[in-house]
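J.: Here you go, this is entry_20.txt (compact mmCIF, C-alpha atoms).
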# COMPACT_ATOMS: atom_id res chain seq x y z
CA MET A 1 -11.04 27.92 -10.04
CA SER A 2 -9.42 26.65 -13.24
CA ARG A 3 -11.27 24.38 -15.63
CA ILE A 4 -10.07 21.32 -17.49
CA LYS A 5 -8.88 22.06 -21.01
CA ASN A 6 -7.64 18.58 -21.82
CA ILE A 7 -6.53 15.27 -20.34
CA ILE A 8 -4.05 13.21 -22.32
CA ALA A 9 -3.08 9.64 -21.40
CA SER A 10 -0.30 7.40 -22.67
CA GLU A 11 1.60 4.23 -21.80
CA ILE A 12 4.76 4.19 -19.71
CA ILE A 13 6.66 1.26 -18.20
CA ASN A 14 6.43 0.38 -14.50
CA SER A 15 9.07 -1.12 -12.21
CA ARG A 16 8.25 -4.66 -13.38
CA GLY A 17 8.80 -3.80 -17.03
CA TYR A 18 5.13 -3.75 -18.01
CA PRO A 19 2.96 -0.83 -19.18
CA THR A 20 0.91 1.37 -16.93
CA ILE A 21 -0.93 4.66 -17.48
CA TYR A 22 0.67 8.11 -17.51
CA GLY A 23 -1.57 11.16 -17.66
CA ARG A 24 -1.32 14.89 -18.22
CA LEU A 25 -3.99 17.48 -17.37
CA ILE A 26 -3.93 21.00 -18.78
CA THR A 27 -6.24 23.73 -17.48
CA ASP A 28 -7.77 26.66 -19.32
CA LYS A 29 -5.29 28.93 -17.51
CA GLY A 30 -2.27 26.98 -18.69
CA GLU A 31 -1.52 25.06 -15.49
CA GLU A 32 -0.26 21.55 -16.11
CA VAL A 33 0.09 18.47 -13.90
CA VAL A 34 1.18 14.91 -14.58
CA ALA A 35 0.63 11.62 -12.78
CA SER A 36 0.99 7.88 -13.19
CA VAL A 37 -0.55 4.86 -11.51
CA PRO A 38 0.98 1.59 -10.27
CA SER A 39 -0.13 -1.87 -11.33
CA HIS A 40 -1.29 -4.73 -9.14
CA GLU A 41 -1.39 -8.44 -9.76
CA GLN A 42 -4.97 -9.69 -9.63
CA LEU A 43 -4.88 -13.04 -7.86
CA TYR A 44 -8.30 -13.27 -6.23
CA ASP A 45 -11.84 -12.89 -7.49
CA PHE A 46 -12.71 -10.22 -4.93
CA GLN A 47 -9.94 -7.87 -6.10
CA ARG A 48 -10.91 -4.89 -8.25
CA SER A 49 -9.91 -5.24 -11.90
CA GLU A 50 -7.38 -3.28 -13.90
CA LEU A 51 -8.11 -2.84 -17.60
CA ARG A 52 -5.50 -4.72 -19.60
CA ASP A 53 -5.43 -5.29 -23.37
CA LYS A 54 -4.94 -9.06 -23.13
CA ASP A 55 -3.14 -8.99 -26.48
CA MET A 56 -0.54 -11.71 -25.97
CA ASN A 57 1.58 -10.28 -28.79
CA ARG A 58 2.22 -7.17 -26.66
CA PHE A 59 3.80 -7.27 -23.20
CA ASN A 60 2.32 -10.73 -22.53
CA GLY A 61 -1.17 -9.26 -22.61
CA ASN A 62 -0.40 -6.50 -20.09
CA GLY A 63 -0.64 -3.50 -22.38
CA VAL A 64 -2.96 -0.62 -21.46
CA GLN A 65 -3.72 0.87 -24.86
CA LYS A 66 -7.43 0.27 -24.38
CA ALA A 67 -7.41 2.14 -21.07
CA VAL A 68 -5.45 4.99 -22.65
CA SER A 69 -7.98 5.15 -25.48
CA TYR A 70 -10.90 5.26 -23.04
CA ILE A 71 -9.35 8.24 -21.29
CA ASN A 72 -8.45 10.16 -24.45
CA THR A 73 -11.64 9.53 -26.44
CA LEU A 74 -14.36 8.96 -23.83
CA ILE A 75 -13.46 10.47 -20.44
CA ALA A 76 -11.43 13.56 -21.42
CA PRO A 77 -14.09 15.04 -23.75
CA LYS A 78 -16.74 14.61 -21.03
CA LEU A 79 -14.61 16.51 -18.51
CA LYS A 80 -13.70 19.42 -20.76
CA ASN A 81 -14.54 22.77 -19.12
CA VAL A 82 -15.33 21.07 -15.78
CA SER A 83 -13.83 22.85 -12.77
CA VAL A 84 -10.94 21.03 -11.11
CA ASP A 85 -12.50 21.60 -7.68
CA LYS A 86 -15.18 18.99 -8.46
CA GLN A 87 -13.16 16.05 -7.09
CA SER A 88 -16.08 14.28 -5.41
CA GLU A 89 -18.44 14.74 -8.34
CA ILE A 90 -15.87 13.56 -10.89
CA ASP A 91 -14.84 10.59 -8.75
CA ASN A 92 -18.47 9.57 -8.23
CA TRP A 93 -19.11 9.79 -11.97
CA LEU A 94 -16.04 7.68 -12.69
CA SER A 95 -17.05 5.11 -10.10
CA LYS A 96 -20.60 4.81 -11.44
CA SER A 97 -19.28 4.51 -14.99
CA ASN A 98 -16.93 1.74 -13.90
CA SER A 99 -19.63 -0.88 -13.55
CA GLY A 100 -19.38 -4.62 -14.07
CA HIS A 101 -17.78 -7.39 -12.06
CA ASN A 102 -15.16 -5.87 -9.77
CA LYS A 103 -15.10 -2.61 -11.74
CA ASP A 104 -13.93 -4.12 -15.00
CA ALA A 105 -15.91 -1.81 -17.33
CA LEU A 106 -13.19 0.85 -17.23
CA GLY A 107 -10.74 -0.70 -14.79
CA VAL A 108 -9.49 0.86 -11.56
CA ASN A 109 -6.27 1.93 -13.29
CA THR A 110 -8.27 4.00 -15.79
CA THR A 111 -10.32 5.82 -13.17
CA LEU A 112 -7.49 6.34 -10.68
CA ILE A 113 -5.22 8.20 -13.08
CA VAL A 114 -8.01 10.70 -13.74
CA SER A 115 -8.72 11.03 -10.01
CA TYR A 116 -5.01 11.65 -9.34
CA LEU A 117 -4.84 14.34 -12.03
CA ILE A 118 -7.88 16.18 -10.67
CA ALA A 119 -6.37 16.23 -7.16
CA LYS A 120 -3.01 17.51 -8.37
CA ALA A 121 -4.62 20.17 -10.54
CA ALA A 122 -6.92 21.37 -7.75
CA ALA A 123 -4.00 21.65 -5.32
CA LYS A 124 -1.86 23.51 -7.84
CA CYS A 125 -4.63 25.94 -8.76
CA SER A 126 -5.33 26.57 -5.05
CA ARG A 127 -1.61 27.19 -4.43
CA ILE A 128 -1.50 24.72 -1.53
CA PRO A 129 0.67 21.63 -0.94
CA LEU A 130 -0.93 18.42 -2.12
CA TYR A 131 -0.96 16.92 1.38
CA LYS A 132 -2.90 19.96 2.62
CA TYR A 133 -5.37 19.53 -0.26
CA PHE A 134 -5.94 15.92 0.81
CA ASN A 135 -6.41 17.01 4.41
CA ASN A 136 -9.00 19.61 3.39
CA PHE A 137 -10.73 17.12 1.11
CA PHE A 138 -10.78 14.42 3.78
CA LYS A 139 -12.55 16.84 6.14
CA LYS A 140 -15.45 16.85 3.68
CA VAL A 141 -16.02 13.12 4.14
CA SER A 142 -14.81 12.66 7.72
CA ASP A 143 -15.14 14.58 10.96
CA ILE A 144 -12.35 12.66 12.72
CA VAL A 145 -9.39 13.67 10.56
CA GLU A 146 -6.50 15.47 12.25
CA GLU A 147 -4.40 18.33 10.94
CA PRO A 148 -1.29 17.21 8.97
CA VAL A 149 1.24 17.63 11.79
CA SER A 150 3.26 14.39 11.61
CA ILE A 151 4.75 11.87 9.20
CA PRO A 152 3.40 8.31 9.32
CA SER A 153 5.78 5.66 10.68
CA PRO A 154 7.54 3.91 7.79
CA ILE A 155 7.60 0.14 7.43
CA PHE A 156 10.67 -1.13 5.58
CA PRO A 157 10.67 -4.55 3.91
CA ILE A 158 14.28 -5.62 4.37
CA LEU A 159 14.04 -8.98 2.60
CA LYS A 160 11.31 -10.46 0.44
CA GLY A 161 10.45 -14.10 0.02
CA GLY A 162 7.44 -15.76 -1.56
CA LYS A 163 6.56 -15.59 -5.25
CA HIS A 164 8.33 -12.32 -6.05
CA GLY A 165 11.11 -12.50 -3.47
CA GLN A 166 14.88 -12.25 -3.75
CA ILE A 167 15.30 -15.14 -1.30
CA ASN A 168 13.95 -18.63 -1.72
CA LEU A 169 11.87 -18.61 1.45
CA ASP A 170 8.15 -18.85 2.18
CA PHE A 171 7.18 -15.71 4.07
CA LYS A 172 6.43 -12.75 1.81
CA GLU A 173 8.18 -9.89 3.64
CA PHE A 174 10.51 -9.52 6.59
CA GLN A 175 10.12 -5.96 7.85
CA ILE A 176 11.76 -3.50 10.20
CA ILE A 177 9.57 -0.79 11.75
CA PRO A 178 11.37 2.10 13.53
CA SER A 179 9.90 3.37 16.79
CA SER A 180 7.57 6.35 16.48
CA ALA A 181 9.90 8.07 18.96
CA PHE A 182 12.35 8.56 16.08
CA GLY A 183 12.07 11.57 13.82
CA TYR A 184 11.30 10.68 10.22
CA PHE A 185 14.84 11.27 8.92
CA GLU A 186 16.29 9.14 11.71
CA ALA A 187 13.72 6.42 11.03
CA TYR A 188 14.56 6.39 7.33
CA GLN A 189 18.29 6.28 8.04
CA SER A 190 17.81 3.28 10.34
CA GLY A 191 15.87 1.51 7.61
CA VAL A 192 18.63 2.09 5.07
CA ASP A 193 21.33 0.98 7.51
CA LEU A 194 19.50 -2.22 8.39
CA TYR A 195 18.69 -2.95 4.76
CA HIS A 196 22.35 -2.98 3.76
CA LEU A 197 23.54 -4.71 6.93
CA VAL A 198 21.08 -7.59 6.63
CA ARG A 199 21.60 -8.00 2.90
CA HIS A 200 25.30 -8.36 3.60
CA ALA A 201 24.40 -11.23 5.93
CA TYR A 202 22.18 -12.62 3.15
CA LYS A 203 25.32 -13.39 1.15
CA PHE A 204 25.86 -16.30 3.53
CA GLY A 205 22.36 -17.62 2.86
CA PHE A 206 19.25 -18.38 4.88
CA ASN A 207 18.00 -21.89 5.39
CA SER A 208 14.69 -21.01 7.00
CA ASN A 209 12.29 -18.16 7.64
CA MET A 210 13.39 -18.04 11.27
CA ASP A 211 17.01 -17.52 10.11
CA VAL A 212 15.96 -14.16 8.66
CA ILE A 213 14.23 -13.10 11.87
CA ILE A 214 17.33 -13.99 13.87
CA ALA A 215 19.50 -12.05 11.38
CA LEU A 216 17.25 -9.01 11.74
CA LYS A 217 17.48 -9.14 15.52
CA ASP A 218 21.26 -9.58 15.45
CA SER A 219 21.67 -6.73 12.96
CA VAL A 220 19.60 -4.35 15.07
CA GLU A 221 21.66 -5.17 18.15
CA LYS A 222 24.93 -4.72 16.20
CA LYS A 223 23.82 -1.15 15.54
CA GLY A 224 23.52 -0.65 19.30
CA LEU A 225 19.73 -0.50 19.15
CA ALA A 226 17.13 -2.46 21.09
CA PHE A 227 15.13 -5.00 19.10
CA GLY A 228 11.49 -4.63 20.08
CA ARG A 229 11.95 -1.12 21.47
CA ASP A 230 13.92 1.01 18.97
CA LEU A 231 13.22 -1.17 15.95
CA PHE A 232 10.36 -3.64 15.70
CA LEU A 233 9.78 -6.76 13.66
CA GLY A 234 7.04 -7.04 11.06
CA ILE A 235 6.23 -10.18 9.07
CA ASN A 236 4.02 -10.40 6.02
CA PHE A 237 3.40 -14.14 5.83
CA GLY A 238 1.41 -14.20 2.60
CA ALA A 239 0.17 -17.53 3.93
CA THR A 240 -2.18 -18.28 1.04
CA ALA A 241 0.90 -19.12 -1.05
CA PHE A 242 2.08 -21.97 1.20
CA TYR A 243 -1.29 -23.35 2.29
CA SER A 244 -2.85 -26.29 0.44
CA GLY A 245 -5.10 -29.19 1.36
CA ASN A 246 -5.68 -27.81 4.87
CA ARG A 247 -1.92 -27.98 5.54
CA TYR A 248 0.89 -25.44 5.76
CA SER A 249 4.15 -26.28 3.99
CA PHE A 250 7.17 -24.12 4.81
CA ARG A 251 10.88 -24.63 5.44
CA ASP A 252 10.73 -24.30 9.20
CA ARG A 253 8.91 -27.62 9.42
CA GLN A 254 10.06 -30.80 7.69
CA GLN A 255 6.51 -31.95 6.96
CA PRO A 256 3.29 -30.05 6.18
CA ILE A 257 1.51 -29.16 9.40
CA SER A 258 -2.12 -28.67 10.43
CA SER A 259 -3.78 -25.35 11.19
CA GLU A 260 -3.57 -26.07 14.92
CA GLU A 261 0.17 -26.75 14.69
CA TYR A 262 0.68 -23.66 12.54
CA ILE A 263 -1.14 -21.35 14.97
CA LYS A 264 0.96 -22.86 17.77
CA PHE A 265 4.12 -22.17 15.74
CA ILE A 266 3.19 -18.49 15.28
CA ASN A 267 2.33 -18.10 18.94
CA GLU A 268 5.29 -19.89 20.50
CA GLU A 269 8.07 -19.30 17.96
CA ILE A 270 7.25 -15.77 16.80
CA LEU A 271 4.83 -13.91 19.07
CA LYS A 272 6.32 -15.01 22.39
CA LYS A 273 9.99 -14.94 21.33
CA TYR A 274 10.18 -11.85 19.13
CA SER A 275 7.15 -9.68 20.00
CA PRO A 276 6.53 -8.44 16.45
CA LEU A 277 4.72 -5.16 16.02
CA MET A 278 2.86 -6.55 13.02
CA ILE A 279 1.91 -9.88 11.56
CA ILE A 280 0.30 -9.57 8.15
CA ASP A 281 -1.83 -12.13 6.29
CA PRO A 282 -0.68 -14.97 8.59
CA THR A 283 -3.45 -17.31 7.44
CA PRO A 284 -5.17 -17.79 4.04
CA ASN A 285 -7.75 -15.35 2.71
CA ASN A 286 -10.59 -17.86 3.04
CA ASP A 287 -9.77 -19.06 6.56
CA ASN A 288 -11.92 -16.80 8.74
CA GLN A 289 -11.83 -19.26 11.64
CA ASN A 290 -8.07 -19.00 12.09
CA TRP A 291 -8.07 -15.24 11.51
CA ALA A 292 -10.45 -15.00 14.47
CA LYS A 293 -8.30 -17.37 16.54
CA LEU A 294 -5.20 -15.28 15.95
CA GLN A 295 -6.98 -12.01 16.66
CA ALA A 296 -7.99 -13.41 20.04
CA LEU A 297 -4.47 -14.75 20.62
CA VAL A 298 -2.13 -11.91 19.67
CA PRO A 299 -1.16 -9.50 22.45
CA LYS A 300 -2.57 -6.00 22.30
CA GLU A 301 0.88 -4.64 21.39
CA THR A 302 0.85 -6.58 18.10
CA TYR A 303 -1.22 -5.59 15.08
CA LEU A 304 -2.93 -8.38 13.16
CA VAL A 305 -2.97 -6.83 9.69
CA ALA A 306 -5.20 -7.73 6.76
CA ASP A 307 -3.63 -7.03 3.37
CA THR A 308 -4.57 -9.36 0.51
CA TYR A 309 -7.34 -10.73 2.74
CA ILE A 310 -9.20 -7.46 2.16
CA SER A 311 -7.40 -6.06 -0.91
CA SER A 312 -8.85 -2.60 -0.20
CA ASN A 313 -12.37 -4.00 -0.76
CA ARG A 314 -14.93 -2.14 1.37
CA ASP A 315 -17.29 -5.13 1.62
CA ARG A 316 -14.54 -7.41 2.89
CA LEU A 317 -13.36 -4.78 5.34
CA GLU A 318 -16.87 -4.46 6.77
CA LYS A 319 -17.09 -8.22 7.25
CA ALA A 320 -13.64 -8.41 8.85
CA ILE A 321 -14.61 -5.70 11.33
CA LYS A 322 -17.95 -7.33 12.08
CA ASP A 323 -16.31 -10.72 12.71
CA LYS A 324 -13.37 -9.18 14.64
CA LEU A 325 -10.74 -10.72 12.37
CA CYS A 326 -8.04 -8.03 12.40
CA SER A 327 -6.84 -4.88 14.15
CA ALA A 328 -5.19 -3.16 11.18
CA VAL A 329 -5.60 -2.96 7.41
CA VAL A 330 -3.48 -2.17 4.35
CA ILE A 331 -5.10 0.19 1.85
CA ARG A 332 -3.84 0.73 -1.70
CA PRO A 333 -5.59 3.41 -3.80
CA ASN A 334 -4.82 1.51 -7.01
CA GLN A 335 -6.98 -1.35 -5.74
CA VAL A 336 -9.87 1.03 -5.02
CA GLY A 337 -10.27 3.12 -8.14
CA THR A 338 -10.72 6.75 -7.00
CA LEU A 339 -9.42 8.99 -4.24
CA THR A 340 -12.90 9.68 -2.88
CA GLU A 341 -13.57 5.97 -2.41
CA THR A 342 -10.13 5.55 -0.84
CA LEU A 343 -10.87 8.26 1.72
CA LEU A 344 -14.25 6.73 2.53
CA ILE A 345 -12.61 3.35 3.23
CA LEU A 346 -9.97 4.99 5.42
CA ASP A 347 -12.67 6.88 7.32
CA TYR A 348 -14.72 3.72 7.85
CA ALA A 349 -11.68 1.81 9.15
CA GLN A 350 -10.63 4.57 11.53
CA ARG A 351 -14.15 4.96 12.89
CA ASN A 352 -14.05 1.29 13.79
CA GLN A 353 -10.68 1.56 15.58
CA ILE A 354 -8.81 -0.19 12.78
CA THR A 355 -5.25 1.06 12.33
CA CYS A 356 -4.55 2.06 8.72
CA GLN A 357 -1.47 1.54 6.60
CA LEU A 358 -1.12 3.06 3.13
CA ALA A 359 1.04 0.99 0.83
CA SER A 360 2.50 1.17 -2.64
CA GLU A 361 2.26 -1.64 -5.16
CA LEU A 362 4.36 -4.32 -6.83
CA GLY A 363 4.43 -2.61 -10.24
CA GLU A 364 5.33 0.94 -9.22
CA THR A 365 6.42 4.18 -10.88
CA ASP A 366 8.20 7.22 -9.48
CA GLU A 367 4.81 8.84 -8.76
CA ASP A 368 4.83 10.12 -5.15
CA ILE A 369 1.22 11.22 -4.64
CA ILE A 370 0.63 8.47 -2.06
CA ALA A 371 3.17 10.17 0.24
CA ASP A 372 1.08 13.35 0.28
CA LEU A 373 -2.07 11.29 0.76
CA SER A 374 -0.60 9.49 3.77
CA VAL A 375 0.23 12.78 5.50
CA GLY A 376 -3.01 14.46 4.52
CA VAL A 377 -5.16 11.74 6.07
CA GLN A 378 -2.69 11.11 8.93
CA VAL A 379 -2.53 7.32 8.67
CA ASP A 380 -0.38 5.57 11.26
CA PHE A 381 1.92 3.66 8.89
CA VAL A 382 3.20 3.62 5.32
CA ASN A 383 4.97 0.89 3.38
CA PHE A 384 6.51 2.12 0.15
CA GLY A 385 8.78 -0.88 -0.27
CA PRO A 386 12.47 -1.30 0.61
CA PRO A 387 14.30 1.99 1.28
CA VAL A 388 16.14 1.71 -2.05
CA HIS A 389 15.25 1.78 -5.80
CA SER A 390 13.98 4.94 -7.44
CA GLU A 391 10.26 4.09 -7.44
CA ASN A 392 10.38 3.63 -3.64
CA VAL A 393 12.85 6.38 -2.80
CA ALA A 394 10.74 8.96 -4.67
CA LYS A 395 7.98 8.43 -2.12
CA TYR A 396 10.28 8.35 0.92
CA ASN A 397 12.02 11.50 -0.33
CA ARG A 398 8.67 13.24 -0.71
CA LEU A 399 7.99 12.44 2.96
CA LEU A 400 11.35 14.01 3.82
CA GLU A 401 10.32 17.17 1.97
CA ILE A 402 6.92 17.28 3.69
CA ASP A 403 8.58 16.67 7.06
CA ARG A 404 10.76 19.74 6.54
CA GLU A 405 7.73 21.82 5.57
CA ILE A 406 5.77 20.72 8.63
CA SER A 407 8.75 21.34 10.91
CA ILE A 408 9.12 24.89 9.64
CA LYS A 409 5.44 25.60 10.30
CA LYS A 410 5.78 24.33 13.85
Taking this structure as input, can you express it in the form of structure tokens?

T.:
Amino acid sequence: MSRIKNIIASEIINSRGYPTIYGRLITDKGEEVVASVPSHEQLYDFQRSELRDKDMNRFNGNGVQKAVSYINTLIAPKLKNVSVDKQSEIDNWLSKSNSGHNKDALGVNTTLIVSYLIAKAAAKCSRIPLYKYFNNFFKKVSDIVEEPVSIPSPIFPILKGGKHGQINLDFKEFQIIPSSAFGYFEAYQSGVDLYHLVRHAYKFGFNSNMDVIIALKDSVEKKGLAFGRDLFLGINFGATAFYSGNRYSFRDRQQPISSEEYIKFINEEILKKYSPLMIIDPTPNNDNQNWAKLQALVPKETYLVADTYISSNRDRLEKAIKDKLCSAVVIRPNQVGTLTETLLILDYAQRNQITCQLASELGETDEDIIADLSVGVQVDFVNFGPPVHSENVAKYNRLLEIDREISIKK
């Protein structure tokens, strides 16, 4: 197996216009791979830390020159002549080196780019597709993984509200989820069609969150498809953003309402009327009582999904499972720090009958490694963002390519 000759890191710009890390690994046999990592917005104390320069004269403090320097001057020399098939050992070393509060010694962005490069180099040197490499690697940490025979079901955010949304509404994402009965190409096409159809309706404006849900339903039916059978509704509430002083303030109610009234609203106005496949972060991250209430309330056909509530944090996932607060979880490798740790979290969730969704990040690049990862570990769902824009389409297109490869092998 080839050995590492050098690892070189540099800054590139992500989809939000801020720097992130780009890396290149060269082996002693001349093989070369490149990778980049996305950037997340750290909002909560329990989220793992990215290493940022905090120099306000550069990119509002979001530069990553320090992380790049750590890789080029500290990490790369230590890994010289190490075999690229030492993924677990390298990841464990990176994780142990990344000590401090929420992994802020090196930052999860610093360790993940190295972990990505090792995986890509090992797959290339072994002459196997990257998704197959991940499948083989996952088998080393899990005995429940399946062969890579299918593409995860895509979740398409059609409109985004909340802090970073295009529409001035409260809920974070309004999603369409194609039935698993569709082939992947057909599912992707339906997502694109609905995206453009609903955004055409958006030109006339939405006055409330429920307006968007109604528009989604109407758009699905205009395509001659069945809402709730061919295409399902998903809602990422991002409720922490509109919860304050024990009250929920959102456009569908004229006055702030209590937790009891809010739970009633979700049950009667959304669950019973629209049968969503997923509701994500419907209550605040610190409100375990209402998470438990909703988990007991939602029908078995609906996933109660924890996203920012867990933020890919193993400790919080364990507590959520113990307290029976959710039935599904969103995992983002860039919030974890290494691929080995990501696989261990996925294995733990699946062993506890928690449905897993791999998702991309707010500050993305055209890196598509997460598509291979999703197939290799056979998660149920992926969310790579709306089915447009190059940073998202790169990942969806990679799934198309893998789907063709898998189909040929069948």

J.: Find the spatial neighbours of Phe59 (chain A), counting only C-alpha atoms, within a cut-off of 9 Å - ignore same-chain residues fewer than 3 positions away - and output them as a ChimeraX atom specification.

T.: /A:17-19,54-56,62-63

J.: Taking C-alpha atoms for each residue, export the selection above as a PDB file, keeping the file's coordinate frame.

T.:
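Printed below is part.pdb as written:
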ATOM      1  CA  GLY A  17       8.800  -3.800 -17.030  1.00  0.00           C
ATOM      2  CA  TYR A  18       5.130  -3.750 -18.010  1.00  0.00           C
ATOM      3  CA  PRO A  19       2.960  -0.830 -19.180  1.00  0.00           C
ATOM      4  CA  LYS A  54      -4.940  -9.060 -23.130  1.00  0.00           C
ATOM      5  CA  ASP A  55      -3.140  -8.990 -26.480  1.00  0.00           C
ATOM      6  CA  MET A  56      -0.540 -11.710 -25.970  1.00  0.00           C
ATOM      7  CA  ASN A  62      -0.400  -6.500 -20.090  1.00  0.00           C
ATOM      8  CA  GLY A  63      -0.640  -3.500 -22.380  1.00  0.00           C
TER       9      GLY A  63
END

J.: Have a look at CA of Leu117 (chain A) and CA of Ile7 (chain A) and let me know their distance in Å, one decimal.

T.: 8.5 Å

J.: Using only C-alpha atoms, pick whichever of A:Asn72, A:Asn102, A:Ser374, A:Asn290 has the shortest atom-to-atom distance to Tyr133 (chain A).

T.: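 Selected residue with least distance to Tyr133 (chain A): A:Ser374.
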
J.: Which residue out of A:Ala67, A:Cys356, A:Val336, A:Ala9 has the minimum interatomic distance to Ala105 (chain A) when only C-alpha atoms are used?

T.: A:Ala67

J.: Contacts of region 246-250 of chain A at 9 Å or less, counting only C-alpha atoms, minus same-chain residues fewer than 4 places along, as a PDB file with C-alpha atoms, keeping the file's coordinate frame?

T.:
ATOM      1  CA  LEU A 169      11.870 -18.610   1.450  1.00  0.00           C
ATOM      2  CA  ASP A 170       8.150 -18.850   2.180  1.00  0.00           C
ATOM      3  CA  PHE A 171       7.180 -15.710   4.070  1.00  0.00           C
ATOM      4  CA  SER A 208      14.690 -21.010   7.000  1.00  0.00           C
ATOM      5  CA  ASN A 209      12.290 -18.160   7.640  1.00  0.00           C
ATOM      6  CA  ALA A 239       0.170 -17.530   3.930  1.00  0.00           C
ATOM      7  CA  PHE A 242       2.080 -21.970   1.200  1.00  0.00           C
ATOM      8  CA  GLN A 254      10.060 -30.800   7.690  1.00  0.00           C
ATOM      9  CA  GLN A 255       6.510 -31.950   6.960  1.00  0.00           C
ATOM     10  CA  PRO A 256       3.290 -30.050   6.180  1.00  0.00           C
ATOM     11  CA  ILE A 257       1.510 -29.160   9.400  1.00  0.00           C
ATOM     12  CA  SER A 258      -2.120 -28.670  10.430  1.00  0.00           C
ATOM     13  CA  SER A 259      -3.780 -25.350  11.190  1.00  0.00           C
ATOM     14  CA  TYR A 262       0.680 -23.660  12.540  1.00  0.00           C
TER      15      TYR A 262
END

J.: Per residue of region 222-300 of chain A within 12 Å of region 182-192 of chain A, record the nearest atom pair and its distance in Å to one decimal, counting all atoms listed in the file, with rows in chain order and ascending residue number, as CSV.

T.:
residue,atom,partner,partner_atom,distance
A:Lys223,CA,A:Ser190,CA,9.1
A:Gly224,CA,A:Ser190,CA,11.3
A:Leu225,CA,A:Ser190,CA,9.8
A:Arg229,CA,A:Phe182,CA,11.1
A:Asp230,CA,A:Phe182,CA,8.2
A:Leu231,CA,A:Ser190,CA,8.5
A:Phe232,CA,A:Gly191,CA,11.1
A:Leu233,CA,A:Gly191,CA,11.9

J.: Can you tell me which residues surround Lys272 (chain A) at a distance of at most 12 Å, considering only C-alpha atoms, apart from same-chain residues fewer than 2 positions away, and format the answer as a PyMOL selection string?

T.: chain A and resi 228+264-270+274-277+297-299+301-302

J.: List as a count of residues only the protein and nucleic acid residues near Asn109 (chain A), meaning an atom at most 9 Å away when only C-alpha atoms are counted, but skip any in the same chain fewer than 5 places from it.

T.: 13

J.: Looking at only C-alpha atoms, which of A:Ile155, A:Ile71, A:Ala296, A:Val377 is the one that sits closest to Met278 (chain A)?

T.: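 Checking each of A:Ile155, A:Ile71, A:Ala296, A:Val377 against Met278 (chain A), counting only C-alpha atoms, the winner is A:Ile155.
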
J.: Of the candidates A:Val84, A:Ile177, A:Val33, A:Ala215, which one gets nearest to Asn383 (chain A) if we count all atoms listed in the file?

T.: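 Closest candidate: A:Ile177.
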
J.: How far is it from CA of Gly245 (chain A) to CA of Gln295 (chain A), in Å with one decimal?

T.: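 Spanning CA of Gly245 (chain A) to CA of Gln295 (chain A) is a straight-line distance of 23.1 Å.
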
J.: In terms of the shortest atom-to-atom distance over all atoms listed in the file, which of A:Arg332, A:Lys222, A:His196, A:Lys132 is closest to Glu405 (chain A)?

T.: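 Result for the nearest residue to Glu405 (chain A): A:Lys132.
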